[in-house]
$ cat final_11.txt   # compact mmCIF, C-alpha atoms
# COMPACT_ATOMS: atom_id res chain seq x y z
CA MET A 1119 0.00 0.00 0.00
CA ASP A 1120 1.28 3.47 -0.82
CA ILE A 1121 1.64 6.29 1.70
CA ALA A 1122 -1.49 8.16 0.55
CA GLY A 1123 -3.55 5.00 1.08
CA ALA A 1124 -2.11 4.52 4.55
CA ILE A 1125 -2.84 8.16 5.46
CA SER A 1126 -6.46 7.83 4.35
CA LEU A 1127 -6.80 4.53 6.20
CA VAL A 1128 -5.68 5.91 9.58
CA GLU A 1129 -7.81 9.02 9.08
CA SER A 1130 -10.93 6.90 8.58
CA SER A 1131 -10.13 4.60 11.52
CA ARG A 1132 -12.58 4.25 14.41
CA VAL A 1133 -10.11 5.82 16.86
CA ALA A 1134 -9.74 8.92 14.66
CA ASP A 1135 -13.50 9.08 14.31
CA ALA A 1136 -14.05 8.86 18.06
CA ILE A 1137 -11.59 11.71 18.72
CA ARG A 1138 -13.13 13.92 16.02
CA ASN A 1139 -16.64 13.34 17.35
CA SER A 1140 -15.80 14.14 20.96
CA LEU A 1141 -15.88 17.64 22.44
CA TYR A 1142 -13.29 16.73 25.09
CA LEU A 1143 -10.88 14.18 23.59
CA PHE A 1144 -8.85 16.39 21.24
CA PRO A 1145 -8.33 19.19 23.81
CA LEU A 1146 -7.31 16.67 26.48
CA ILE A 1147 -4.96 14.79 24.12
CA GLU A 1148 -3.42 18.11 23.09
CA SER A 1149 -2.98 19.07 26.76
CA ALA A 1150 -1.22 15.75 27.43
CA HIS A 1151 0.96 16.47 24.36
CA VAL A 1152 1.96 19.85 25.84
CA LEU A 1153 2.71 18.15 29.20
CA GLY A 1154 4.86 15.55 27.42
CA LEU A 1155 6.76 18.01 25.23
CA THR A 1156 7.46 20.50 28.03
CA MET A 1157 8.87 17.65 30.15
CA VAL A 1158 10.97 16.44 27.18
CA PHE A 1159 12.35 19.93 26.55
CA GLY A 1160 12.86 20.79 30.23
CA THR A 1161 14.68 17.57 31.12
CA ILE A 1162 16.82 17.61 27.95
CA ALA A 1163 17.75 21.22 28.78
CA ILE A 1164 19.06 20.03 32.19
CA ILE A 1165 21.39 17.57 30.39
CA ASP A 1166 22.45 20.09 27.72
CA LEU A 1167 23.17 22.87 30.24
CA ARG A 1168 25.31 20.40 32.22
CA LEU A 1169 27.31 19.47 29.11
CA LEU A 1170 27.80 23.16 28.29
CA GLY A 1171 29.05 23.86 31.82
CA ILE A 1172 26.21 26.31 32.57
CA ALA A 1173 24.23 24.50 35.31
CA SER A 1174 24.52 21.49 37.69
CA THR A 1175 28.29 21.69 37.20
CA ARG A 1176 29.04 20.35 40.69
CA ARG A 1177 27.39 17.01 39.90
CA SER A 1178 28.86 14.43 37.55
CA PHE A 1179 27.30 14.15 34.10
CA ARG A 1180 26.48 10.47 34.58
CA ARG A 1181 24.61 11.10 37.85
CA ILE A 1182 22.43 13.74 36.18
CA ALA A 1183 21.84 11.58 33.13
CA SER A 1184 20.73 8.65 35.30
CA ASP A 1185 18.40 10.94 37.31
CA VAL A 1186 16.81 12.59 34.30
CA LEU A 1187 16.92 10.53 31.09
CA LYS A 1188 14.37 7.86 32.07
CA TRP A 1189 11.81 10.65 32.59
CA THR A 1190 12.79 12.24 29.28
CA TRP A 1191 12.00 8.95 27.52
CA ALA A 1192 8.72 8.52 29.40
CA ALA A 1193 7.69 12.06 28.45
CA PHE A 1194 8.81 11.45 24.85
CA ALA A 1195 6.65 8.31 24.71
CA LEU A 1196 3.66 10.35 25.95
CA SER A 1197 4.36 12.99 23.27
CA VAL A 1198 4.61 10.38 20.49
CA VAL A 1199 1.37 8.63 21.49
CA THR A 1200 -0.62 11.87 21.88
CA GLY A 1201 0.99 13.36 18.76
CA SER A 1202 0.02 10.29 16.72
CA LEU A 1203 -3.56 10.47 18.02
CA MET A 1204 -3.79 14.13 16.93
CA PHE A 1205 -2.20 13.27 13.58
CA ILE A 1206 -4.76 10.60 12.64
CA THR A 1207 -7.73 12.95 13.22
CA ASN A 1208 -6.63 15.03 10.21
CA ALA A 1209 -3.82 12.96 8.68
CA ASN A 1210 -4.02 14.26 5.11
CA VAL A 1211 -3.79 17.89 6.18
CA TYR A 1212 -0.92 17.30 8.63
CA TYR A 1213 0.96 15.12 6.16
CA HIS A 1214 0.97 17.89 3.55
CA ASN A 1215 1.64 20.71 6.03
CA PHE A 1216 5.06 22.32 5.63
CA PHE A 1217 5.54 23.02 9.37
CA PHE A 1218 4.58 19.46 10.33
CA ARG A 1219 7.08 18.03 7.82
CA ALA A 1220 9.80 20.40 9.01
CA LYS A 1221 9.08 19.36 12.61
CA MET A 1222 9.41 15.66 11.74
CA ALA A 1223 12.70 16.41 9.93
CA LEU A 1224 14.08 18.24 12.98
CA LEU A 1225 12.98 15.40 15.30
CA LEU A 1226 14.99 13.08 13.07
CA LEU A 1227 17.99 15.44 13.24
CA ALA A 1228 17.68 15.59 17.06
CA GLY A 1229 17.79 11.77 17.08
CA ILE A 1230 20.85 11.68 14.81
CA ASN A 1231 22.52 14.35 16.98
CA MET A 1232 21.93 12.16 20.04
CA LEU A 1233 23.37 9.08 18.28
CA ILE A 1234 26.48 11.02 17.22
CA PHE A 1235 26.91 12.14 20.85
CA GLU A 1236 26.63 8.51 21.99
CA VAL A 1237 29.38 7.30 19.62
CA THR A 1238 31.72 10.27 20.19
CA ALA A 1239 31.84 12.22 23.49
CA ALA A 1240 29.82 9.69 25.51
CA ARG A 1241 32.39 6.96 24.73
CA SER A 1242 35.01 8.77 26.81
CA VAL A 1243 32.63 9.99 29.54
CA HIS A 1244 34.77 8.42 32.30
CA ARG A 1245 37.47 10.97 31.45
CA TRP A 1246 35.32 14.13 31.64
CA ASP A 1247 32.39 13.00 33.85
CA ASN A 1248 33.34 15.36 36.70
CA ASP A 1249 34.67 18.24 34.56
CA VAL A 1250 32.74 21.51 34.57
CA LYS A 1251 32.35 21.30 30.77
CA ALA A 1252 32.11 18.37 28.37
CA PRO A 1253 34.71 18.17 25.54
CA LEU A 1254 33.97 20.07 22.33
CA ALA A 1255 32.00 17.20 20.72
CA GLY A 1256 29.73 17.06 23.79
CA ARG A 1257 29.24 20.82 23.94
CA THR A 1258 28.45 20.94 20.22
CA ALA A 1259 25.84 18.19 20.59
CA ALA A 1260 24.33 20.04 23.57
CA ALA A 1261 24.08 23.39 21.76
CA LEU A 1262 22.60 21.69 18.68
CA SER A 1263 20.13 19.81 20.87
CA LEU A 1264 18.87 23.02 22.54
CA VAL A 1265 18.47 24.80 19.19
CA LEU A 1266 16.72 21.80 17.60
CA TRP A 1267 14.24 21.29 20.46
CA ILE A 1268 13.34 24.99 20.64
CA ALA A 1269 12.81 24.95 16.86
CA ILE A 1270 10.64 21.81 17.25
CA ILE A 1271 8.43 23.67 19.78
CA PHE A 1272 8.03 26.59 17.35
CA LEU A 1273 7.23 24.31 14.40
CA GLY A 1274 4.70 22.39 16.50
CA ARG A 1275 2.89 25.59 17.41
CA TRP A 1276 2.92 26.70 13.76
CA THR A 1277 1.53 23.31 12.72
CA GLY A 1278 -1.42 23.94 15.04
CA PHE A 1279 -1.95 27.45 13.72
CA THR A 1280 -1.87 26.41 10.06
CA THR A 1281 -4.00 23.26 10.23
CA THR A 1282 -7.01 23.94 12.44
CA GLY A 1283 -8.67 26.60 10.33
CA ARG A 1284 -8.38 29.10 13.13
CA PRO A 1285 -10.82 31.96 12.48
CA HIS A 1286 -9.13 35.06 11.15
CA VAL A 1287 -10.23 38.61 11.71
CA ASN A 1288 -12.14 39.36 8.55
CA ASN A 1289 -11.40 42.87 7.36
CA GLU A 1290 -12.92 42.45 3.93
CA PRO A 1291 -16.26 44.12 3.23
CA ALA A 1292 -19.26 41.84 3.28
CA ASP A 1293 -20.57 40.56 -0.06
CA ASP A 1294 -23.12 42.76 -1.74
CA ILE A 1295 -26.57 41.94 -0.52
CA ASN A 1296 -28.76 40.58 -3.26
CA ILE A 1297 -32.33 41.63 -2.52
CA GLU A 1298 -33.72 38.56 -4.28
CA ASN A 1299 -32.08 36.28 -1.68
CA LEU A 1300 -33.90 38.07 1.12
CA LEU A 1301 -37.33 37.64 -0.40
CA PRO A 1302 -39.30 34.52 0.44
CA LYS A 1303 -39.36 32.12 -2.47
CA MET B 60 -18.42 48.31 38.44
CA LEU B 61 -15.61 47.00 36.31
CA ASP B 62 -16.96 44.82 33.56
CA VAL B 63 -14.45 42.27 32.22
CA ALA B 64 -16.05 42.20 28.76
CA GLN B 65 -15.89 46.02 28.52
CA PHE B 66 -12.27 45.98 29.71
CA ALA B 67 -11.39 43.32 27.11
CA ASP B 68 -13.11 45.39 24.44
CA TRP B 69 -11.19 48.53 25.45
CA LEU B 70 -7.90 46.58 25.58
CA SER B 71 -8.47 45.16 22.10
CA ARG B 72 -8.65 48.73 20.72
CA THR B 73 -5.33 49.87 22.21
CA SER B 74 -2.59 50.47 19.65
CA LEU B 75 -0.39 47.64 21.02
CA SER B 76 -3.27 45.16 20.77
CA VAL B 77 -4.14 46.29 17.26
CA SER B 78 -0.55 45.93 16.08
CA ILE B 79 -0.29 42.40 17.62
CA GLN B 80 -3.54 41.44 15.88
CA SER B 81 -2.37 42.77 12.53
CA HIS B 82 0.78 40.59 12.49
CA GLU B 83 -0.21 36.94 12.34
CA TRP B 84 3.21 35.60 13.35
CA VAL B 85 3.30 37.41 16.70
CA ILE B 86 0.86 35.24 18.71
CA PRO B 87 2.33 31.85 17.68
CA THR B 88 5.84 33.19 18.38
CA ILE B 89 4.89 34.39 21.86
CA GLN B 90 3.05 31.09 22.50
CA SER B 91 6.16 29.11 21.50
CA ILE B 92 8.34 31.11 23.94
CA HIS B 93 5.62 30.60 26.57
CA ILE B 94 5.70 26.81 26.02
CA ALA B 95 9.53 26.64 26.17
CA ALA B 96 9.41 28.55 29.50
CA ILE B 97 6.74 26.12 30.79
CA GLY B 98 9.26 23.36 30.00
CA VAL B 99 11.81 25.03 32.30
CA VAL B 100 9.19 25.44 35.06
CA MET B 101 7.96 21.85 34.77
CA ALA B 102 11.45 20.32 34.80
CA SER B 103 12.53 22.53 37.74
CA VAL B 104 9.45 21.71 39.84
CA PHE B 105 9.81 18.05 38.87
CA MET B 106 13.47 17.78 39.92
CA ILE B 107 12.80 19.46 43.29
CA ASP B 108 9.80 17.16 43.85
CA LEU B 109 11.84 14.07 42.92
CA ARG B 110 14.49 15.15 45.46
CA VAL B 111 11.80 15.54 48.15
CA LEU B 112 10.46 12.09 47.28
CA GLY B 113 13.99 10.66 47.32
CA TRP B 114 13.72 9.43 43.72
CA ALA B 115 16.57 11.56 42.32
CA GLY B 116 19.55 13.67 43.35
CA ARG B 117 20.07 11.97 46.71
CA ASP B 118 23.78 12.88 46.62
CA GLN B 119 22.64 16.51 46.95
CA SER B 120 21.03 18.20 49.95
CA LEU B 121 17.54 19.61 49.54
CA LEU B 122 18.97 23.15 49.74
CA GLU B 123 21.52 22.37 47.01
CA THR B 124 18.70 21.09 44.83
CA THR B 125 16.52 24.20 45.31
CA GLY B 126 19.67 26.31 44.85
CA ARG B 127 20.16 24.65 41.44
CA PHE B 128 16.55 24.79 40.20
CA GLY B 129 14.94 27.66 42.19
CA PRO B 130 16.49 30.53 40.18
CA TRP B 131 15.55 28.86 36.85
CA LEU B 132 12.02 28.37 38.16
CA SER B 133 11.68 32.06 39.14
CA GLY B 134 13.31 33.23 35.90
CA ALA B 135 11.01 31.10 33.76
CA LEU B 136 7.96 32.28 35.75
CA CYS B 137 8.95 35.88 34.91
CA VAL B 138 9.15 34.97 31.20
CA LEU B 139 5.71 33.32 31.49
CA LEU B 140 4.25 36.42 33.15
CA GLY B 141 5.67 38.66 30.40
CA THR B 142 4.59 36.48 27.46
CA GLY B 143 1.25 35.82 29.19
CA ILE B 144 0.50 39.54 29.54
CA PHE B 145 1.49 40.00 25.89
CA MET B 146 -1.00 37.29 24.83
CA ILE B 147 -3.77 38.91 26.91
CA ILE B 148 -3.12 42.26 25.20
CA GLY B 149 -3.11 40.55 21.80
CA GLU B 150 -6.30 38.52 22.31
CA PRO B 151 -8.15 40.05 25.31
CA ALA B 152 -11.55 38.42 24.80
CA ARG B 153 -10.08 34.96 24.13
CA GLU B 154 -8.22 35.05 27.46
CA LEU B 155 -10.20 37.22 29.86
CA LEU B 156 -13.63 35.76 29.10
CA ALA B 157 -12.43 32.15 29.31
CA PHE B 158 -13.33 30.10 32.39
CA SER B 159 -10.10 28.07 31.85
CA PHE B 160 -8.07 31.30 32.08
CA TRP B 161 -9.35 32.30 35.54
CA LEU B 162 -9.10 28.78 36.94
CA LYS B 163 -5.54 28.66 35.56
CA MET B 164 -4.72 31.98 37.30
CA LEU B 165 -6.02 30.56 40.60
CA LEU B 166 -3.83 27.44 40.27
CA ILE B 167 -0.79 29.58 39.33
CA ALA B 168 -1.32 31.66 42.47
CA ILE B 169 -1.47 28.47 44.59
CA GLY B 170 1.51 26.85 42.81
CA THR B 171 3.67 29.99 43.13
CA LEU B 172 2.68 30.45 46.78
CA ILE B 173 3.67 26.87 47.64
CA ALA B 174 7.02 27.22 45.81
CA SER B 175 7.84 30.56 47.50
CA VAL B 176 6.80 29.54 51.02
CA PHE B 177 8.68 26.25 50.69
CA GLN B 178 11.91 27.94 49.55
CA ILE B 179 11.72 30.57 52.32
CA ALA B 180 10.95 27.96 54.98
CA LEU B 181 13.80 25.76 53.74
CA LYS B 182 16.33 28.62 53.93
CA ARG B 183 15.22 29.52 57.46
CA ASN B 184 15.30 26.05 58.92
CA GLU B 185 17.20 23.69 56.66
CA PRO B 186 17.93 20.90 59.21
CA TYR B 187 14.24 20.60 60.09
CA TRP B 188 13.21 20.12 56.45
CA GLU B 189 16.06 17.73 55.64
CA LYS B 190 14.85 15.58 58.55
CA SER B 191 11.18 15.86 57.54
CA LEU B 192 11.60 14.37 54.07
CA HIS B 193 10.46 10.91 55.18
CA ARG B 194 7.13 12.36 56.34
CA TRP B 195 4.03 11.39 54.47
CA SER B 196 2.69 14.98 54.54
CA VAL B 197 5.84 16.42 52.92
CA LYS B 198 5.89 13.72 50.23
CA SER B 199 2.24 14.28 49.38
CA LEU B 200 2.84 18.04 49.15
CA ALA B 201 5.51 17.30 46.51
CA ILE B 202 3.07 15.20 44.49
CA VAL B 203 0.22 17.71 44.85
CA THR B 204 2.55 20.53 43.75
CA PHE B 205 3.47 18.69 40.56
CA LEU B 206 -0.19 17.90 39.85
CA ILE B 207 -1.06 21.60 40.27
CA TRP B 208 1.42 22.45 37.50
CA VAL B 209 0.03 19.66 35.33
CA GLY B 210 -3.43 21.22 35.87
CA ILE B 211 -2.06 24.64 34.88
CA ILE B 212 -0.80 23.17 31.57
CA ILE B 213 -4.16 21.53 30.84
CA LEU B 214 -6.11 24.72 31.65
CA GLY B 215 -3.68 26.77 29.55
CA ARG B 216 -4.45 24.61 26.52
CA LEU B 217 -8.19 24.58 27.30
CA ILE B 218 -8.29 28.38 26.88
CA ALA B 219 -8.35 27.55 23.16
CA TYR B 220 -11.30 25.16 23.72
CA ASP B 221 -13.21 27.01 26.41
CA ASN B 222 -16.56 25.68 25.13
CA VAL B 223 -15.75 22.39 26.93
CA TRP B 224 -17.01 24.17 30.09
CA GLY B 225 -20.45 24.70 28.59
CA SER B 226 -22.41 27.46 30.30
CA TRP B 227 -19.49 28.25 32.65
CA SER B 228 -17.62 29.78 29.74
CA HIS B 229 -18.31 33.33 28.66
CA ALA B 230 -15.90 32.98 25.76
CA VAL B 231 -18.57 31.01 23.86
CA ARG B 232 -20.81 34.05 23.83
CA ALA B 233 -18.01 36.53 23.18
$ encode --input "final_11.txt" --output "structure tokens"
Amino acid sequence: MDIAGAISLVESSRVADAIRNSLYLFPLIESAHVLGLTMVFGTIAIIDLRLLGIASTRRSFRRIASDVLKWTWAAFALSVVTGSLMFITNANVYYHNFFFRAKMALLLLAGINMLIFEVTAARSVHRWDNDVKAPLAGRTAAALSLVLWIAIIFLGRWTGFTTTGRPHVNNEPADDINIENLLPK
Amino acid sequence: MLDVAQFADWLSRTSLSVSIQSHEWVIPTIQSIHIAAIGVVMASVFMIDLRVLGWAGRDQSLLETTGRFGPWLSGALCVLLGTGIFMIIGEPARELLAFSFWLKMLLIAIGTLIASVFQIALKRNEPYWEKSLHRWSVKSLAIVTFLIWVGIIILGRLIAYDNVWGSWSHAVRA
């Protein structure tokens, strides 16, 4: 099956239908998405600021990572599940939305950035674990991570603004009134 | 008597409000900064609560933990206040007539009060609080505090869907 078929299939699923037909489900799923993404960003920022030598510098990197990362992954899982549920309610529109696509691309880049960190700076963590700053490779990954995640937040908000048909202030003059339409037929 | 709807109407005609409304990129930009700052608040509250519960940072004293996260929490709250006021000026009726907005303000007042009182009390009598961490009442306060901030996030998002409150919402009729 091609991608367009898959998109239409998920959009017509019973789950998508149930969310669309409920007054409460979409707002609550979106709220859970905001909870998930703020926890992802906030906990990743703790790690990144440690690598950059800006905050938590008196604790070892590994201690902070073991305190924080499991919650980052839990929050990320919540974001993925709630994000997918929002996606299927209007899959065709999201799939073709520029901001949504850019967001997915940056999520991928954030993942690649993390993998590069794991195979470079993280390999020698025993040597810099207690240093105020991580080596250059670690600091670069941290700065990139902060920029990427802030950009992901912006693109997510823009996705919402460009897909929900938010009412705009209409400054255009009303159509001319045709007297025949006002008369009873 | 001050009428909120009249105030919102007046605010929406001010030059700052009009210029925010006429640039479509302003509101989503401010909202994105607002959400990033919520991330800093949530993570800071969460790490302090985890320390109280003994689930993280046990190599650090409670005071060291609030010393690490307290300033970021206050700083981010200031950013939220600033961006929040900006959003009210930009869309007065959407915010001020929403039931979710006023319930959110109430929870923010409670959440900020708990955080401030706790930090002041901790600085005044650190040994007492370090010894009280095993207490059931202190642990439940940590959990309740986190849930208050979760509630603030939900209510913040519900401002955009205020009709979920039915007749409690005035935004529906605005």
$ interface_residues --input "final_11.txt" --of "chain A" --to "chain B" --cutoff "10 Å" --atoms "all atoms listed in the file" --output "compact mmCIF listing (two decimals) with C-alpha atoms, keeping the file's coordinate frame"
# COMPACT_ATOMS: atom_id res chain seq x y z
CA LEU A 1141 -15.88 17.64 22.44
CA TYR A 1142 -13.29 16.73 25.09
CA PHE A 1144 -8.85 16.39 21.24
CA PRO A 1145 -8.33 19.19 23.81
CA LEU A 1146 -7.31 16.67 26.48
CA ILE A 1147 -4.96 14.79 24.12
CA GLU A 1148 -3.42 18.11 23.09
CA SER A 1149 -2.98 19.07 26.76
CA ALA A 1150 -1.22 15.75 27.43
CA HIS A 1151 0.96 16.47 24.36
CA VAL A 1152 1.96 19.85 25.84
CA LEU A 1153 2.71 18.15 29.20
CA GLY A 1154 4.86 15.55 27.42
CA LEU A 1155 6.76 18.01 25.23
CA THR A 1156 7.46 20.50 28.03
CA MET A 1157 8.87 17.65 30.15
CA VAL A 1158 10.97 16.44 27.18
CA PHE A 1159 12.35 19.93 26.55
CA GLY A 1160 12.86 20.79 30.23
CA THR A 1161 14.68 17.57 31.12
CA ILE A 1162 16.82 17.61 27.95
CA ALA A 1163 17.75 21.22 28.78
CA ILE A 1164 19.06 20.03 32.19
CA ALA A 1173 24.23 24.50 35.31
CA SER A 1174 24.52 21.49 37.69
CA THR A 1175 28.29 21.69 37.20
CA ARG A 1176 29.04 20.35 40.69
CA ARG A 1177 27.39 17.01 39.90
CA ARG A 1181 24.61 11.10 37.85
CA ILE A 1182 22.43 13.74 36.18
CA SER A 1184 20.73 8.65 35.30
CA ASP A 1185 18.40 10.94 37.31
CA VAL A 1186 16.81 12.59 34.30
CA TRP A 1189 11.81 10.65 32.59
CA THR A 1190 12.79 12.24 29.28
CA TRP A 1267 14.24 21.29 20.46
CA ILE A 1268 13.34 24.99 20.64
CA ALA A 1269 12.81 24.95 16.86
CA ILE A 1270 10.64 21.81 17.25
CA ILE A 1271 8.43 23.67 19.78
CA PHE A 1272 8.03 26.59 17.35
CA LEU A 1273 7.23 24.31 14.40
CA GLY A 1274 4.70 22.39 16.50
CA ARG A 1275 2.89 25.59 17.41
CA TRP A 1276 2.92 26.70 13.76
CA THR A 1277 1.53 23.31 12.72
CA GLY A 1278 -1.42 23.94 15.04
CA PHE A 1279 -1.95 27.45 13.72
CA HIS A 1286 -9.13 35.06 11.15
CA VAL A 1287 -10.23 38.61 11.71
$ residues_around --input "final_11.txt" --residues "A:Asp1247" --least-positions-apart "4" --cutoff "8 Å" --atoms "only C-alpha atoms" --output "number ranges by chain"
A: 1178-1180, 1243, 1252
$ atom_distance --input "final_11.txt" --atom1 "atom CA of A:Gly1256" --atom2 "atom CA of A:Gly1229"
14.7 Å
$ residues_around --input "final_11.txt" --residues "B:Leu140" --least-positions-apart "5" --cutoff "9 Å" --atoms "only C-alpha atoms" --output "PDB file with C-alpha atoms, in the frame of the given file"
ATOM      1  CA  HIS B  93       5.620  30.600  26.570  1.00  0.00           C
ATOM      2  CA  ALA B 135      11.010  31.100  33.760  1.00  0.00           C
ATOM      3  CA  PHE B 145       1.490  40.000  25.890  1.00  0.00           C
TER       4      PHE B 145
END
$ atom_distance --input "final_11.txt" --atom1 "atom CA of A:Ala1124" --atom2 "atom CA of A:Asn1210"
9.9 Å
$ atom_distance --input "final_11.txt" --atom1 "atom CA of B:Val197" --atom2 "atom CA of B:Pro130"
21.8 Å
$ residues_around --input "final_11.txt" --residues "B:Val63" --least-positions-apart "3" --cutoff "12 Å" --atoms "only C-alpha atoms" --output "list in words"
Met60, Phe66, Ala67, Asp68, Trp69, Leu70, Pro151, Ala152, Arg153, Glu154, Leu155, Leu156, Ala157, Trp161, His229, Ala230 and Ala233 of chain B
$ closest_residue --input "final_11.txt" --among "B:Asp108, B:Leu166, B:Ser159, B:Trp195" --to "B:Ser228" --atoms "all atoms listed in the file"
B:Ser159
$ closest_residue --input "final_11.txt" --among "B:Met164, B:Ile173, B:Ile148, B:Leu206" --to "B:Thr73" --atoms "all atoms listed in the file"
B:Ile148
$ closest_residue --input "final_11.txt" --among "A:Val1250, A:Val1199, A:Ala1122, A:Ala1255" --to "A:Phe1235" --atoms "all atoms listed in the file"
A:Ala1255
$ closest_residue --input "final_11.txt" --among "A:Thr1258, A:Met1204, A:Leu1169, A:Thr1280" --to "A:Phe1216" --atoms "all atoms listed in the file"
A:Thr1280
$ build_atoms --input "final_11.txt" --residues "stretch 87-100 of chain B" --atoms "N, CA and C atoms" --output "PDB file, in the coordinates of the input"
ATOM      1  N   PRO B  87       1.659  33.155  17.584  1.00  0.00           N
ATOM      2  CA  PRO B  87       2.330  31.850  17.680  1.00  0.00           C
ATOM      3  C   PRO B  87       3.773  31.942  18.207  1.00  0.00           C
ATOM      4  N   THR B  88       4.476  33.020  17.876  1.00  0.00           N
ATOM      5  CA  THR B  88       5.840  33.190  18.380  1.00  0.00           C
ATOM      6  C   THR B  88       5.844  33.321  19.899  1.00  0.00           C
ATOM      7  N   ILE B  89       4.968  34.191  20.415  1.00  0.00           N
ATOM      8  CA  ILE B  89       4.890  34.390  21.860  1.00  0.00           C
ATOM      9  C   ILE B  89       4.454  33.082  22.544  1.00  0.00           C
ATOM     10  N   GLN B  90       3.503  32.373  21.929  1.00  0.00           N
ATOM     11  CA  GLN B  90       3.050  31.090  22.500  1.00  0.00           C
ATOM     12  C   GLN B  90       4.191  30.087  22.561  1.00  0.00           C
ATOM     13  N   SER B  91       5.038  30.057  21.519  1.00  0.00           N
ATOM     14  CA  SER B  91       6.160  29.110  21.500  1.00  0.00           C
ATOM     15  C   SER B  91       7.148  29.422  22.625  1.00  0.00           C
ATOM     16  N   ILE B  92       7.445  30.718  22.833  1.00  0.00           N
ATOM     17  CA  ILE B  92       8.340  31.110  23.940  1.00  0.00           C
ATOM     18  C   ILE B  92       7.703  30.722  25.266  1.00  0.00           C
ATOM     19  N   HIS B  93       6.383  30.954  25.374  1.00  0.00           N
ATOM     20  CA  HIS B  93       5.620  30.600  26.570  1.00  0.00           C
ATOM     21  C   HIS B  93       5.764  29.098  26.866  1.00  0.00           C
ATOM     22  N   ILE B  94       5.621  28.263  25.833  1.00  0.00           N
ATOM     23  CA  ILE B  94       5.700  26.810  26.020  1.00  0.00           C
ATOM     24  C   ILE B  94       7.114  26.375  26.423  1.00  0.00           C
ATOM     25  N   ALA B  95       8.147  26.982  25.791  1.00  0.00           N
ATOM     26  CA  ALA B  95       9.530  26.640  26.170  1.00  0.00           C
ATOM     27  C   ALA B  95       9.768  26.995  27.646  1.00  0.00           C
ATOM     28  N   ALA B  96       9.240  28.150  28.090  1.00  0.00           N
ATOM     29  CA  ALA B  96       9.410  28.550  29.500  1.00  0.00           C
ATOM     30  C   ALA B  96       8.642  27.606  30.431  1.00  0.00           C
ATOM     31  N   ILE B  97       7.473  27.108  29.984  1.00  0.00           N
ATOM     32  CA  ILE B  97       6.740  26.120  30.790  1.00  0.00           C
ATOM     33  C   ILE B  97       7.604  24.870  30.970  1.00  0.00           C
ATOM     34  N   GLY B  98       8.354  24.512  29.904  1.00  0.00           N
ATOM     35  CA  GLY B  98       9.260  23.360  30.000  1.00  0.00           C
ATOM     36  C   GLY B  98      10.267  23.537  31.116  1.00  0.00           C
ATOM     37  N   VAL B  99      10.829  24.746  31.233  1.00  0.00           N
ATOM     38  CA  VAL B  99      11.810  25.030  32.300  1.00  0.00           C
ATOM     39  C   VAL B  99      11.130  24.946  33.673  1.00  0.00           C
ATOM     40  N   VAL B 100       9.921  25.507  33.788  1.00  0.00           N
ATOM     41  CA  VAL B 100       9.190  25.440  35.060  1.00  0.00           C
ATOM     42  C   VAL B 100       8.892  23.994  35.434  1.00  0.00           C
TER      43      VAL B 100
END
